[in-house]
Amino acid sequence: MSWLAPLGFLGLLGVVALIVIYIIKPNYQNKMISSTFIWRLSLKYRKKRLPINRLNNFLLFLCQLLILTICGTLLAQPVLESELVGDENERVIILDASASMRLSNNAATRFERAVADAKAMVDETAARGGMISVIYADANPRFLTQRAGAVQVDEIHAALDALVSNGIQCSYASADLKGAVALAEEVLLYNSEAQVHLITATDYLEHNGIQVKNIADPAEWNVAVMNCTAELDRSNHYEISVDVGCFGRTEMVTVYCEIHGANGNTSKTEPLMKTESFDPSEEQKTVVFTSDDMGNEPLYSFDYLEVYVSVADSFVDDNSFFLYGGKKQTIKIQYASSVPNNYFGGVVRSLRQNMRNQWDIRFTELKADEKAATEGFDLYIFEHRMPKELPTDGVVLLVDPVSAPEGSGLNIGKTMGVDKTSTLASGQSNELMQFVDTNRITIAKYNEILSHDGYEELAYYNGSPVVLAKNFADAKVVVWAFDLNYSNLCALPDFAFMMYNLFNHYVPATMGSQAFEIGETVELQARGTELTVSGNGEDVIFEGNQGTLTLSRPGTYTVTQKPMAGEHLIIENFFVKIPSAESNVTKQVEALPVIDVDTEVETAYEDLLFYFAIFLVALMFLEWMLQTKKNY
């Protein structure tokens, strides 16, 4: 028994009052009075009834005591507690919508079979009067229906049918089962007895309280091109590596590689072929195509590679792979100086070697009598000699600017000579100064910057900015306002850091790779003013210098961007593939996510007021009878 309002026990103070009243109640007193025969006779009968009167008085007191006790107890609201039992007929159905559910063994796909099983489970639950929740588990799980009753069966069927109608199937990504279980936990908070079911084709060793229905067909198998890379060897020729998997069957697999635009040719080559034997103990192998496999002319450039397997397996979406990036874009650098040094040429040669897989860097050093170009280059380095107008189609580095080019936004003052041991101080944080320690850079001569419209101040000497930069869509300019011949910078590793940072920050690769998995984030950096990604139903335009994109369909995508000036477009491609884990259609996973619900046992209360009221009425009736008997 429990009490909903324990303060009601204050009503029991009435019992104390009753006892006090009985204590202070006046007793009979002996008095001398004249007597008669009748009076004596009355006393005689009274003495005979005295024991009964005492019992009557005690019972009357007991009844009054119990009445007050019950009234005080009723004020505390007595109840009987009991745990509410959840409905075991309620079901939460998690529908695996990962890419591996697209497999088909010349009939319905795994996902179609899973939807059919889910509908049968819905009908069975509804027939027992239970509630149904259906969770669609792809990369971003969601409820198709949540705690729907039997009257909503038609709506649930319609939602499930919509998943397989008009060619709409499951996703191409991996399923976020942890997120799906988190959604199921929301239902379990209402009913801890609800059963959680997972319809999948993956074998889980530990189910952790989830009832798993595996709809995989033992006859299903898959061959997949899981990855492809092309690396330059020591001879600067490409070596092609292809990762191939064969799951669910012992098979001889032939890998084909077609090279499009090999070494500048417009046509594709005859496919290169290699055959590998797979058995269940060797599910994955790497097939390598070397220069010896490519005939008389080794491969040093290509537009793209098409790698594929031609097999009648159960999953066709991972049978091919496209690799781009075999034709490096040309980056042209112009160096113009009235007093040339060898340091810029050395850094550019280092850049050319380290970025040879990405760029074809070409360095042009002008002689003293050659006129500097202001268009047609990606990076302009002007040292001492400044152009009349600032170039607008590339990145500009102004070193020791004795005058300000038109359009630069600079106002140059006089040249200042200082102590040769003077060091610089750090300015605003910027990627251009990554790994650079300005405190060890000394200068003995610098040019005053009186004004600088739109520039960030990256380093100072005695409060005067000497390293500045701006990075706008139509203006990318870096200024070193000191003479390298009067500085120790070129003898420090900081010189290489500053040049590498300038190149990576202002002449970035559009993408970090030419191949991504479904669900991966593609980071894009524009070298120009506009950037568009299109392909496979996507058409996204980015504003600004960078953006990110997460793609949900496999295939080739085209990136188009405008350079800073000029009408020509920069066009690049990348490929998005099925996650490698989804190609392994016979994989075993150690455990499903654990259902973690802090379920509070819901308590039911049975009110005892009715029973106490009956007892109270009975006592009051008994007290009335005793009181009546006493009075007569």
# chains A, B, ... in the order shown; residues from 1 in each chain; ligands from 1

$ select_by_dssp --residues "region 411-505 of chain A" --states "strand (DSSP E)" --output "count of residues only"
47

$ residues_around --residues "region 323-332 of chain A" --least-positions-apart "6" --cutoff "7 Å" --atoms "only C-alpha atoms" --output "number ranges by chain"
A: 228, 301-306, 358-363, 377-379, 514-515, 573-575

$ select_by_dssp --residues "region 393-521 of chain A" --states "alpha helix (DSSP H)" --output "JSON, numbers by chain"
{"A": [493, 494, 495, 496, 497, 498, 499, 500, 501, 502, 503, 504, 505, 506]}

$ residues_around --residues "Val467 (chain A)" --least-positions-apart "5" --cutoff "12 Å" --atoms "only C-alpha atoms" --output "number ranges by chain"
A: 397-401, 424-430, 432-433, 438, 441, 446-449, 452, 455-461, 477-483, 498

$ write_last_selection --atoms "C-alpha atoms" --output "short mmCIF file (atom, residue, chain, number, x, y, z; two decimals), in the first residue's frame"
data_model
loop_
_atom_site.label_atom_id
_atom_site.label_comp_id
_atom_site.auth_asym_id
_atom_site.auth_seq_id
_atom_site.Cartn_x
_atom_site.Cartn_y
_atom_site.Cartn_z
CA LEU A 397 53.42 37.79 -55.74
CA LEU A 398 55.00 41.23 -55.36
CA VAL A 399 58.48 41.07 -53.80
CA ASP A 400 60.16 44.35 -52.73
CA PRO A 401 57.55 46.51 -54.50
CA LEU A 424 59.61 40.39 -37.92
CA ALA A 425 56.54 40.01 -35.72
CA SER A 426 53.48 37.84 -36.42
CA GLY A 427 50.29 39.40 -37.74
CA GLN A 428 46.87 37.97 -38.55
CA SER A 429 46.52 34.20 -38.62
CA ASN A 430 46.49 32.92 -42.18
CA LEU A 432 49.95 31.43 -45.94
CA MET A 433 52.00 31.60 -42.72
CA THR A 438 58.46 35.21 -38.21
CA ILE A 441 63.24 36.22 -40.17
CA TYR A 446 61.83 47.31 -46.47
CA ASN A 447 59.29 49.53 -48.25
CA GLU A 448 56.67 51.43 -46.33
CA ILE A 449 53.06 50.42 -47.03
CA HIS A 452 46.48 48.62 -48.49
CA TYR A 455 44.71 43.18 -47.60
CA GLU A 456 45.31 41.16 -44.44
CA GLU A 457 48.45 42.05 -42.46
CA LEU A 458 50.36 38.80 -41.91
CA ALA A 459 53.69 40.10 -40.55
CA TYR A 460 55.07 43.40 -39.22
CA TYR A 461 58.29 45.21 -38.63
CA VAL A 477 47.73 39.09 -54.38
CA VAL A 478 50.59 38.48 -51.91
CA VAL A 479 53.07 41.22 -50.97
CA TRP A 480 56.53 40.80 -49.42
CA ALA A 481 57.49 44.44 -48.80
CA PHE A 482 61.21 43.77 -48.20
CA ASP A 483 64.26 42.96 -50.29
CA MET A 498 55.74 30.44 -47.58
#

$ closest_residue --among "A:Ile541, A:Val79, A:Ala114, A:Val181" --to "Asp596 (chain A)" --atoms "only C-alpha atoms"
A:Val181

$ closest_residue --among "A:Thr532, A:Val395, A:Thr558, A:Phe9" --to "Phe503 (chain A)" --atoms "only C-alpha atoms"
A:Val395

$ closest_residue --among "A:Ser100, A:Ser241, A:Ser310, A:Gln525" --to "Ser171 (chain A)" --atoms "only C-alpha atoms"
A:Ser100

$ closest_residue --among "A:Glu517, A:Phe322, A:Val134, A:Tyr343" --to "Glu582 (chain A)" --atoms "only C-alpha atoms"
A:Glu517

$ atom_distance --atom1 "CA of Ile199 (chain A)" --atom2 "CA of Ala118 (chain A)"
7.6 Å

$ atom_distance --atom1 "CA of Ile518 (chain A)" --atom2 "CA of Ser133 (chain A)"
27.7 Å

$ residues_around --residues "Ala120 (chain A)" --least-positions-apart "2" --cutoff "12 Å" --atoms "only C-alpha atoms" --output "PyMOL selection string"
chain A and resi 93+113-118+122-127+132+153+156-157+160+199

$ write_last_selection --atoms "all heavy atoms" --output "compact mmCIF listing (two decimals), in the first residue's frame"
# COMPACT_ATOMS: atom_id res chain seq x y z
N ILE A 93 9.88 -2.49 -36.78
CA ILE A 93 10.50 -3.18 -37.92
C ILE A 93 11.56 -2.26 -38.52
O ILE A 93 11.24 -1.17 -39.00
CB ILE A 93 9.46 -3.56 -38.98
CG1 ILE A 93 8.36 -4.42 -38.37
CG2 ILE A 93 10.12 -4.27 -40.15
CD1 ILE A 93 7.17 -4.64 -39.29
N ARG A 113 12.27 -8.32 -51.41
CA ARG A 113 11.88 -9.43 -50.53
C ARG A 113 11.72 -8.92 -49.10
O ARG A 113 10.83 -9.37 -48.37
CB ARG A 113 12.92 -10.55 -50.60
CG ARG A 113 13.11 -11.16 -51.99
CD ARG A 113 13.74 -12.53 -51.92
NE ARG A 113 15.04 -12.54 -51.27
CZ ARG A 113 16.20 -12.37 -51.90
NH1 ARG A 113 16.22 -12.14 -53.21
NH2 ARG A 113 17.34 -12.42 -51.23
N ALA A 114 12.59 -8.01 -48.70
CA ALA A 114 12.50 -7.46 -47.34
C ALA A 114 11.20 -6.67 -47.16
O ALA A 114 10.55 -6.76 -46.11
CB ALA A 114 13.70 -6.56 -47.06
N VAL A 115 10.82 -5.90 -48.18
CA VAL A 115 9.56 -5.14 -48.10
C VAL A 115 8.38 -6.08 -48.00
O VAL A 115 7.44 -5.85 -47.22
CB VAL A 115 9.43 -4.19 -49.31
CG1 VAL A 115 8.02 -3.60 -49.39
CG2 VAL A 115 10.46 -3.08 -49.23
N ALA A 116 8.39 -7.19 -48.78
CA ALA A 116 7.30 -8.16 -48.72
C ALA A 116 7.21 -8.79 -47.33
O ALA A 116 6.11 -8.97 -46.77
CB ALA A 116 7.50 -9.24 -49.78
N ASP A 117 8.36 -9.13 -46.73
CA ASP A 117 8.35 -9.69 -45.38
C ASP A 117 7.85 -8.68 -44.36
O ASP A 117 7.16 -9.03 -43.40
CB ASP A 117 9.76 -10.16 -45.00
CG ASP A 117 10.13 -11.46 -45.68
OD1 ASP A 117 9.27 -12.02 -46.39
OD2 ASP A 117 11.27 -11.93 -45.51
N ALA A 118 8.22 -7.41 -44.54
CA ALA A 118 7.76 -6.37 -43.63
C ALA A 118 6.24 -6.23 -43.70
O ALA A 118 5.58 -6.07 -42.66
CB ALA A 118 8.44 -5.04 -43.96
N VAL A 122 3.58 -6.75 -40.71
CA VAL A 122 2.59 -5.71 -40.36
C VAL A 122 1.20 -6.32 -40.25
O VAL A 122 0.46 -6.06 -39.29
CB VAL A 122 2.62 -4.59 -41.41
CG1 VAL A 122 1.41 -3.66 -41.25
CG2 VAL A 122 3.91 -3.78 -41.30
N ASP A 123 0.85 -7.16 -41.21
CA ASP A 123 -0.48 -7.79 -41.19
C ASP A 123 -0.64 -8.69 -39.96
O ASP A 123 -1.71 -8.69 -39.31
CB ASP A 123 -0.69 -8.61 -42.46
CG ASP A 123 -0.81 -7.73 -43.70
OD1 ASP A 123 -1.14 -6.54 -43.54
OD2 ASP A 123 -0.58 -8.23 -44.82
N GLU A 124 0.40 -9.43 -39.64
CA GLU A 124 0.32 -10.34 -38.48
C GLU A 124 0.15 -9.55 -37.19
O GLU A 124 -0.64 -9.92 -36.32
CB GLU A 124 1.60 -11.18 -38.43
CG GLU A 124 1.64 -12.16 -37.27
CD GLU A 124 2.98 -12.88 -37.17
OE1 GLU A 124 3.77 -12.77 -38.14
OE2 GLU A 124 3.23 -13.52 -36.14
N THR A 125 0.89 -8.46 -37.06
CA THR A 125 0.80 -7.64 -35.84
C THR A 125 -0.56 -6.97 -35.74
O THR A 125 -1.17 -6.93 -34.66
CB THR A 125 1.91 -6.58 -35.83
OG1 THR A 125 3.18 -7.21 -36.03
CG2 THR A 125 1.93 -5.81 -34.52
N ALA A 126 -1.05 -6.46 -36.86
CA ALA A 126 -2.36 -5.79 -36.85
C ALA A 126 -3.47 -6.76 -36.51
O ALA A 126 -4.44 -6.40 -35.83
CB ALA A 126 -2.61 -5.13 -38.21
N ALA A 127 -3.36 -8.02 -36.96
CA ALA A 127 -4.39 -9.01 -36.67
C ALA A 127 -4.49 -9.30 -35.17
O ALA A 127 -5.56 -9.67 -34.68
CB ALA A 127 -4.10 -10.31 -37.43
N ILE A 132 2.46 -0.80 -34.75
CA ILE A 132 3.57 -1.04 -35.67
C ILE A 132 4.33 0.24 -35.91
O ILE A 132 3.74 1.30 -36.14
CB ILE A 132 3.07 -1.59 -37.03
CG1 ILE A 132 2.19 -2.83 -36.84
CG2 ILE A 132 4.23 -1.88 -37.95
CD1 ILE A 132 0.78 -2.64 -37.26
N VAL A 153 -3.27 0.09 -41.27
CA VAL A 153 -2.53 -0.91 -42.04
C VAL A 153 -2.41 -0.50 -43.51
O VAL A 153 -1.34 -0.64 -44.13
CB VAL A 153 -3.20 -2.29 -41.91
CG1 VAL A 153 -2.63 -3.27 -42.93
CG2 VAL A 153 -3.00 -2.84 -40.51
N ILE A 156 0.31 1.98 -43.96
CA ILE A 156 1.64 1.39 -43.83
C ILE A 156 2.00 0.63 -45.10
O ILE A 156 3.12 0.73 -45.62
CB ILE A 156 1.70 0.46 -42.61
CG1 ILE A 156 1.36 1.23 -41.33
CG2 ILE A 156 3.07 -0.18 -42.49
CD1 ILE A 156 1.23 0.36 -40.10
N HIS A 157 1.05 -0.11 -45.65
CA HIS A 157 1.29 -0.85 -46.91
C HIS A 157 1.64 0.12 -48.03
O HIS A 157 2.52 -0.15 -48.84
CB HIS A 157 0.06 -1.67 -47.27
CG HIS A 157 0.02 -3.01 -46.60
ND1 HIS A 157 0.31 -4.18 -47.25
CD2 HIS A 157 -0.25 -3.36 -45.32
CE1 HIS A 157 0.20 -5.20 -46.42
NE2 HIS A 157 -0.15 -4.72 -45.22
N LEU A 160 5.21 1.31 -47.68
CA LEU A 160 6.17 0.27 -48.06
C LEU A 160 6.18 0.04 -49.56
O LEU A 160 7.24 -0.14 -50.17
CB LEU A 160 5.85 -1.03 -47.32
CG LEU A 160 6.11 -1.03 -45.81
CD1 LEU A 160 5.52 -2.27 -45.15
CD2 LEU A 160 7.61 -0.95 -45.52
N ILE A 199 15.13 -6.65 -40.66
CA ILE A 199 15.09 -7.45 -41.89
C ILE A 199 16.29 -7.04 -42.72
O ILE A 199 16.39 -5.89 -43.18
CB ILE A 199 13.78 -7.22 -42.66
CG1 ILE A 199 12.58 -7.49 -41.76
CG2 ILE A 199 13.73 -8.12 -43.88
CD1 ILE A 199 11.24 -7.24 -42.43

$ atom_distance --atom1 "CA of Ala224 (chain A)" --atom2 "CA of Thr250 (chain A)"
13.9 Å

$ residues_around --residues "Val15 (chain A)" --least-positions-apart "4" --cutoff "8 Å" --atoms "only C-alpha atoms" --output "list in words"
Ile19, Leu65, Leu68 and Thr69 of chain A

$ closest_atom_pairs --of "region 534-617 of chain A" --to "region 312-318 of chain A" --cutoff "12 Å" --atoms "only C-alpha atoms" --output "JSON lines"
{"residue": "A:Arg553", "atom": "CA", "partner": "A:Asp317", "partner_atom": "CA", "distance": 10.4}
{"residue": "A:Pro554", "atom": "CA", "partner": "A:Asp317", "partner_atom": "CA", "distance": 8.1}
{"residue": "A:Gly555", "atom": "CA", "partner": "A:Asp317", "partner_atom": "CA", "distance": 9.4}
{"residue": "A:Val576", "atom": "CA", "partner": "A:Asp318", "partner_atom": "CA", "distance": 10.6}
{"residue": "A:Lys577", "atom": "CA", "partner": "A:Asp318", "partner_atom": "CA", "distance": 7.2}
{"residue": "A:Ile578", "atom": "CA", "partner": "A:Asp318", "partner_atom": "CA", "distance": 6.3}
{"residue": "A:Pro579", "atom": "CA", "partner": "A:Asp318", "partner_atom": "CA", "distance": 9.1}
{"residue": "A:Ser580", "atom": "CA", "partner": "A:Asp318", "partner_atom": "CA", "distance": 8.9}
{"residue": "A:Ala581", "atom": "CA", "partner": "A:Asp318", "partner_atom": "CA", "distance": 11.3}
{"residue": "A:Glu582", "atom": "CA", "partner": "A:Asp318", "partner_atom": "CA", "distance": 9.3}
{"residue": "A:Ser583", "atom": "CA", "partner": "A:Asp318", "partner_atom": "CA", "distance": 7.1}
{"residue": "A:Asn584", "atom": "CA", "partner": "A:Phe315", "partner_atom": "CA", "distance": 10.5}
{"residue": "A:Val585", "atom": "CA", "partner": "A:Phe315", "partner_atom": "CA", "distance": 9.2}

$ write_last_selection --atoms "C-alpha atoms" --output "PDB file, in the first residue's frame"
ATOM      1  CA  ARG A 553      24.389   8.036 -56.376  1.00  0.00           C
ATOM      2  CA  PRO A 554      27.378   6.323 -57.993  1.00  0.00           C
ATOM      3  CA  GLY A 555      28.828   7.402 -61.303  1.00  0.00           C
ATOM      4  CA  VAL A 576      31.729   8.061 -56.946  1.00  0.00           C
ATOM      5  CA  LYS A 577      31.532   4.348 -56.171  1.00  0.00           C
ATOM      6  CA  ILE A 578      29.538   1.952 -54.018  1.00  0.00           C
ATOM      7  CA  PRO A 579      31.110   1.576 -50.525  1.00  0.00           C
ATOM      8  CA  SER A 580      33.529  -1.347 -50.557  1.00  0.00           C
ATOM      9  CA  ALA A 581      31.843  -2.895 -47.513  1.00  0.00           C
ATOM     10  CA  GLU A 582      28.592  -3.171 -49.483  1.00  0.00           C
ATOM     11  CA  SER A 583      30.264  -5.163 -52.251  1.00  0.00           C
ATOM     12  CA  ASN A 584      31.086  -7.936 -49.780  1.00  0.00           C
ATOM     13  CA  VAL A 585      27.685  -9.618 -49.906  1.00  0.00           C
TER      14      VAL A 585
END

$ residues_around --residues "Ile67 (chain A)" --least-positions-apart "2" --cutoff "10 Å" --atoms "only C-alpha atoms" --output "list in words"
Gly14, Val15, Phe61, Leu62, Cys63, Gln64, Leu65, Thr69, Ile70, Cys71, Gly72, Thr73, Phe615, Leu616, Val617, Ala618, Leu619, Met620 and Glu623 of chain A

$ write_last_selection --atoms "C-alpha atoms" --output "PDB file, in the first residue's frame"
ATOM      1  CA  GLY A  14      -8.221  14.192  15.585  1.00  0.00           C
ATOM      2  CA  VAL A  15      -7.435  10.898  17.338  1.00  0.00           C
ATOM      3  CA  PHE A  61     -14.601   4.919  22.246  1.00  0.00           C
ATOM      4  CA  LEU A  62     -13.053   2.305  19.950  1.00  0.00           C
ATOM      5  CA  CYS A  63     -15.542   3.076  17.173  1.00  0.00           C
ATOM      6  CA  GLN A  64     -14.908   6.805  17.456  1.00  0.00           C
ATOM      7  CA  LEU A  65     -11.161   6.178  17.465  1.00  0.00           C
ATOM      8  CA  THR A  69      -8.252   7.066  12.084  1.00  0.00           C
ATOM      9  CA  ILE A  70      -9.979   6.094   8.836  1.00  0.00           C
ATOM     10  CA  CYS A  71     -10.816   9.733   8.071  1.00  0.00           C
ATOM     11  CA  GLY A  72      -7.164  10.736   8.579  1.00  0.00           C
ATOM     12  CA  THR A  73      -6.038   7.806   6.434  1.00  0.00           C
ATOM     13  CA  PHE A 615     -15.629   0.313   6.503  1.00  0.00           C
ATOM     14  CA  LEU A 616     -16.165   3.882   7.651  1.00  0.00           C
ATOM     15  CA  VAL A 617     -19.945   3.697   7.103  1.00  0.00           C
ATOM     16  CA  ALA A 618     -20.074   0.392   8.983  1.00  0.00           C
ATOM     17  CA  LEU A 619     -18.207   1.869  11.941  1.00  0.00           C
ATOM     18  CA  MET A 620     -20.415   4.942  11.984  1.00  0.00           C
ATOM     19  CA  GLU A 623     -21.186   3.828  16.787  1.00  0.00           C
TER      20      GLU A 623
END

$ decode --residues "region 474-529 of chain A" --atoms "C-alpha atoms" --output "compact mmCIF listing (two decimals), in the first residue's frame"
# COMPACT_ATOMS: atom_id res chain seq x y z
CA ASP A 474 38.93 38.49 -58.84
CA ALA A 475 42.13 39.43 -57.00
CA LYS A 476 44.68 37.08 -55.41
CA VAL A 477 47.73 39.09 -54.38
CA VAL A 478 50.59 38.48 -51.91
CA VAL A 479 53.07 41.22 -50.97
CA TRP A 480 56.53 40.80 -49.42
CA ALA A 481 57.49 44.44 -48.80
CA PHE A 482 61.21 43.77 -48.20
CA ASP A 483 64.26 42.96 -50.29
CA LEU A 484 65.29 39.29 -50.16
CA ASN A 485 68.91 40.38 -50.72
CA TYR A 486 68.73 42.16 -47.35
CA SER A 487 67.04 39.32 -45.49
CA ASN A 488 67.90 35.84 -44.24
CA LEU A 489 64.53 34.43 -45.42
CA CYS A 490 65.92 32.53 -48.43
CA ALA A 491 68.35 30.69 -46.15
CA LEU A 492 65.54 29.50 -43.88
CA PRO A 493 63.04 26.68 -44.39
CA ASP A 494 60.38 29.36 -43.87
CA PHE A 495 60.97 30.51 -47.48
CA ALA A 496 59.90 27.11 -48.81
CA PHE A 497 56.96 27.04 -46.37
CA MET A 498 55.74 30.44 -47.58
CA MET A 499 55.97 29.42 -51.24
CA TYR A 500 54.32 26.04 -50.69
CA ASN A 501 51.55 27.66 -48.66
CA LEU A 502 51.01 30.29 -51.36
CA PHE A 503 50.75 27.61 -54.01
CA ASN A 504 48.43 25.32 -52.01
CA HIS A 505 46.22 28.16 -50.78
CA TYR A 506 45.93 30.23 -53.96
CA VAL A 507 46.40 27.53 -56.64
CA PRO A 508 44.56 24.65 -54.95
CA ALA A 509 43.57 21.33 -56.42
CA THR A 510 39.84 21.44 -57.08
CA MET A 511 39.43 18.07 -55.34
CA GLY A 512 41.70 16.05 -53.11
CA SER A 513 40.98 12.90 -55.14
CA GLN A 514 39.30 11.71 -58.32
CA ALA A 515 37.43 8.87 -56.61
CA PHE A 516 35.06 8.86 -53.62
CA GLU A 517 32.65 6.49 -51.91
CA ILE A 518 28.93 7.11 -51.53
CA GLY A 519 28.48 9.04 -48.29
CA GLU A 520 31.95 10.61 -48.33
CA THR A 521 32.17 14.39 -48.31
CA VAL A 522 33.71 15.89 -51.45
CA GLU A 523 35.61 19.07 -50.61
CA LEU A 524 35.83 21.47 -53.54
CA GLN A 525 38.04 24.54 -53.92
CA ALA A 526 37.49 26.90 -56.80
CA ARG A 527 40.43 28.44 -58.63
CA GLY A 528 38.11 30.86 -60.37
CA THR A 529 34.85 32.71 -59.86
